[in-house]
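Colleague: If you scroll down you'll find the structure; I have some questions about it.
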Amino acid sequence: MQFLNNEYRDEIFEAAFENGYHCLVVVDRQGFITYMNKSYCNFLDVDQQKIVGMHVADVIENSRMHIVIDTGVEEIADLQYIRGNYMIANRIPVYSNGEIVGAIGTVLYRDTKEWMEMNSHIKNVMLELEYYRNQLKHQHGITYSLHDLIGKSSSIIEIKNKVKKVAPGDVTILLRGESGTGKELFAHSIHHLSERNSNPFVVVNCATIPEHLFEAELFGYHEGAFTGAKKGGKIGKIQLADGGTLFLDEIGDMPMSTQVKLLRVLQEGKVEALGGTESQKVDLRIVAATNQPLEKRMEENLFREDLFYRINVIPIHIPPLRERTEDIRLLSKYLLYKITRRSGKRVIDFQSDVLDFFMHYSWPGNIRELENLIESAVYLTNSEIITLSDLPEQMKQSSYVLSERRSLKDIVEETEKQTIEVTLQKVQGDKNKAKNMLGIGKSALYEKIKKYSL
Ligand SMILES: Nc1ncnc2c1ncn2[C@@H]1O[C@H](COP(=O)(O)OP(=O)(O)OP(=O)(O)O)[C@@H](O)[C@H]1O
């Protein structure tokens, strides 16, 4: 880079950054714009001075610069839809001393005839793709694909690879993991990656169907099959899933009597609706999920061993969130982005204390709990950054008891810091009132404020 020190340094920068053929943006560690060249500003129709300091997601449509900062993985030649055009975007994280300090993004923008022609061709292809994607979603009930599964922990990467390997066949898959770990999302992805993806994906949530209605729901019934049966009968979930995937969620809760009948359907590939005399051939792929210890249920005679072996062909265990803390930061940012896009409220980040807290909390409700928590914080916060005070008090207290990784000293200090912080907020910074509420002397309070940089 020695040549940049010569007398043409400014001209070199000018030629590299300000030429009219490409758009360039530089963002800092938090995704705030520090520089955008004229060509990009002209294309976006924004003022070069005014956009400095704004968050990139608020200035550039469909930007992923903030995601690249989080993942640390460059994205080259990605198609990005901006202002009615598909552009070719490169996003490169910038490191200094091994730490990410920001990112540079370039977008190829050549206002030539060929590019416009190519663009209109890409637009057509993308529109067609979007149309088929939407059709698939609406007709076949799949909302998610593997792309929607966020996580960079080795366990999640391993599971994603396993899913890619086993999804294309018809093999039965048993997803195991605590509630809220993403089992349904994985089930959608398996169907999406399988050859059955143009056929239905049918969900049966075994935990929510009353026992006496189970068989009617699963196998369907003919008119008059039982008292209360609907006129004209009802088609069963199994018949609905013919040619596609039947997702048996919470299979551990299926009544024993239904388990026998289901096993027969799976073995014979035929189903008979209640009140009928003829059976119908069905072609199903089974994906089951459970958060229950099926081995224990078998010991208690609540789950059939033969059904267990029939469904446990490829078991996939999804670890709880507390065992993959590497994913928490990425998931939190992704969920914040998803929630704010939906709610329209501008909340752009978390205070570092909040992410720290997330890393140490035990997440009994896993990603569902994280999502609900972020949603409530987005609604409650009065600022653009979520702080500890936007989180429920009860949760903050429980975390320090539940966390396994912290020493007693850390727990005591963290609790002390939080208690003082919340008290100071309650009394609007009045230290006299705060010391009285906390029952400590003035000098002790000042000492602790200094210690915890409050
Ligand atoms: N890896 C992930 N990336 C992004 N979102 C996720 C991920 N895992 C789970 N979620 C989200 O968390 C929520 C709960 O996920 P899901 O319903 O798939 O969990 P589950 O294990 O099936 O729960 P349950 O056993 O209670 O049915 C959903 O809103 C889902 O979109």
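In the structure tokens, chains take the letters A, B, ... in the order shown, each chain's residues start at 1, and ligands count up from 1 in the order shown.
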Please check which protein, DNA or RNA residues sit within 7 Å of ligand 1, counting only C-alpha atoms and all ligand atoms, and write them as a list of chain:residue names.

Modeller: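 Sorted by chain and then by number, the residues are A:Asp148, A:Leu149, A:Ile150, A:Gly151, A:Gly177, A:Glu178, A:Ser179, A:Gly180, A:Thr181, A:Gly182, A:Lys183, A:Glu184, A:Leu185, A:Phe186, A:Asp249, A:Glu250, A:Thr290, A:Asn291, A:Leu331, A:Ile367, A:Arg368, A:Glu371.
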
Colleague: Output as a list in words all residues of region 197-264 of chain A that backbone DSSP marks as strand (DSSP E).

Modeller: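 Strand (DSSP E) assignments inside region 197-264 of chain A correspond to Phe201, Val202, Val203, Val204, Asn205, Gly220, Tyr221, Lys234, Ile235, Thr245, Leu246, Phe247, Leu248 and Asp249 of chain A.
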
Colleague: Nearest residue to Leu284 (chain A) out of A:Glu375, A:Asp28, A:Asp242, A:Glu300, using only C-alpha atoms?

Modeller: A:Asp242

Colleague: So which bits of region 55-302 of chain A end up alpha helix (DSSP H) when you DSSP the backbone, as a PyMOL selection string?

Modeller: chain A and resi 56-59+65-71+113-140+154-166+183-193+214-219+237-240+256-268+294-299

Colleague: Produce a file of the selected residues containing C-alpha atoms, as a short mmCIF file (atom, residue, chain, number, x, y, z; two decimals), in the first residue's frame.

Modeller:
```
data_model
loop_
_atom_site.label_atom_id
_atom_site.label_comp_id
_atom_site.auth_asym_id
_atom_site.auth_seq_id
_atom_site.Cartn_x
_atom_site.Cartn_y
_atom_site.Cartn_z
CA VAL A 56 -27.65 0.58 7.04
CA ALA A 57 -30.92 -1.39 7.19
CA ASP A 58 -32.80 1.93 7.26
CA VAL A 59 -31.06 3.27 4.18
CA MET A 65 -24.36 -5.76 5.96
CA HIS A 66 -25.30 -6.00 9.66
CA ILE A 67 -25.69 -9.79 9.30
CA VAL A 68 -22.22 -10.07 7.73
CA ILE A 69 -20.80 -8.17 10.71
CA ASP A 70 -22.38 -10.74 13.01
CA THR A 71 -21.44 -13.86 11.11
CA LYS A 113 -28.27 -1.78 -22.08
CA GLU A 114 -26.94 -5.31 -21.45
CA TRP A 115 -27.28 -4.93 -17.72
CA MET A 116 -30.82 -3.67 -18.03
CA GLU A 117 -31.65 -6.62 -20.27
CA MET A 118 -30.04 -9.06 -17.89
CA ASN A 119 -31.81 -7.39 -15.00
CA SER A 120 -35.19 -7.78 -16.60
CA HIS A 121 -34.42 -11.43 -17.29
CA ILE A 122 -33.39 -11.98 -13.63
CA LYS A 123 -36.52 -10.13 -12.50
CA ASN A 124 -38.70 -12.50 -14.46
CA VAL A 125 -36.94 -15.57 -13.09
CA MET A 126 -37.13 -14.23 -9.54
CA LEU A 127 -40.80 -13.36 -9.88
CA GLU A 128 -41.51 -16.85 -11.11
CA LEU A 129 -39.52 -18.33 -8.23
CA GLU A 130 -41.33 -16.14 -5.71
CA TYR A 131 -44.68 -17.20 -7.21
CA TYR A 132 -43.86 -20.91 -6.85
CA ARG A 133 -42.46 -20.39 -3.35
CA ASN A 134 -45.67 -18.68 -2.25
CA GLN A 135 -47.78 -21.37 -3.87
CA LEU A 136 -45.83 -24.04 -2.04
CA LYS A 137 -46.28 -22.23 1.25
CA HIS A 138 -49.99 -21.74 0.86
CA GLN A 139 -50.91 -25.07 -0.64
CA HIS A 140 -48.69 -27.30 1.37
CA SER A 154 -21.08 -26.73 15.52
CA SER A 155 -24.14 -28.67 16.71
CA ILE A 156 -26.54 -26.72 14.47
CA ILE A 157 -24.18 -26.92 11.48
CA GLU A 158 -23.89 -30.67 12.04
CA ILE A 159 -27.69 -31.09 12.24
CA LYS A 160 -28.19 -29.00 9.09
CA ASN A 161 -25.71 -31.23 7.24
CA LYS A 162 -27.45 -34.34 8.49
CA VAL A 163 -30.83 -32.94 7.40
CA LYS A 164 -29.47 -32.22 3.92
CA LYS A 165 -28.28 -35.84 3.68
CA VAL A 166 -31.42 -37.58 4.92
CA LYS A 183 -38.22 -29.08 15.92
CA GLU A 184 -41.12 -27.90 13.78
CA LEU A 185 -38.80 -25.65 11.80
CA PHE A 186 -36.56 -28.64 11.07
CA ALA A 187 -39.58 -30.72 10.06
CA HIS A 188 -40.58 -28.01 7.53
CA SER A 189 -37.02 -27.94 6.20
CA ILE A 190 -36.94 -31.73 5.76
CA HIS A 191 -40.13 -31.62 3.72
CA HIS A 192 -38.88 -28.63 1.75
CA LEU A 193 -35.68 -30.47 0.79
CA PHE A 214 -57.80 -38.80 17.99
CA GLU A 215 -58.67 -41.60 15.61
CA ALA A 216 -61.31 -39.55 13.81
CA GLU A 217 -58.73 -36.80 13.28
CA LEU A 218 -55.98 -39.12 12.10
CA PHE A 219 -57.89 -41.70 10.03
CA LYS A 237 -54.87 -36.20 8.28
CA ILE A 238 -53.25 -39.39 7.00
CA GLN A 239 -55.25 -39.30 3.76
CA LEU A 240 -54.55 -35.56 3.45
CA MET A 256 -51.78 -46.15 23.30
CA SER A 257 -54.86 -47.37 21.39
CA THR A 258 -54.11 -44.99 18.48
CA GLN A 259 -50.43 -46.03 18.50
CA VAL A 260 -51.38 -49.62 17.55
CA LYS A 261 -53.55 -48.45 14.68
CA LEU A 262 -50.96 -45.98 13.43
CA LEU A 263 -48.32 -48.70 13.44
CA ARG A 264 -50.57 -50.87 11.29
CA VAL A 265 -51.05 -48.03 8.78
CA LEU A 266 -47.28 -47.48 8.61
CA GLN A 267 -46.57 -51.18 8.12
CA GLU A 268 -49.29 -51.87 5.57
CA LEU A 294 -39.80 -41.93 25.08
CA GLU A 295 -37.60 -44.58 26.73
CA LYS A 296 -39.16 -43.72 30.09
CA ARG A 297 -42.66 -43.68 28.57
CA MET A 298 -41.99 -47.18 27.21
CA GLU A 299 -40.95 -48.37 30.69
#
```

Colleague: What does the distance between CA of Ile374 (chain A) and CA of Arg329 (chain A) come to in Å, to one decimal place?

Modeller: 12.2 Å

Colleague: Which neighbours of region 99-108 of chain A fall inside 7 Å, counting only C-alpha atoms, when residues of the same chain fewer than 4 positions from it are skipped, and could you give them as a list in words?

Modeller: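 Once the adjacent positions are removed, what remains is His22, Cys23, Leu24, Val25, Val26, Val27, Asp28, Arg29, Met65, Ile69, Met87, Ile88, Ala89, Asn90, Arg91, Ile92, Pro93, Val94 and Tyr95 of chain A.
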
Colleague: Could you tell me which of A:Ser453, A:Thr227, A:Asn42, A:Asn85 comes closest to Glu61 (chain A) if we count only C-alpha atoms?

Modeller: A:Asn85
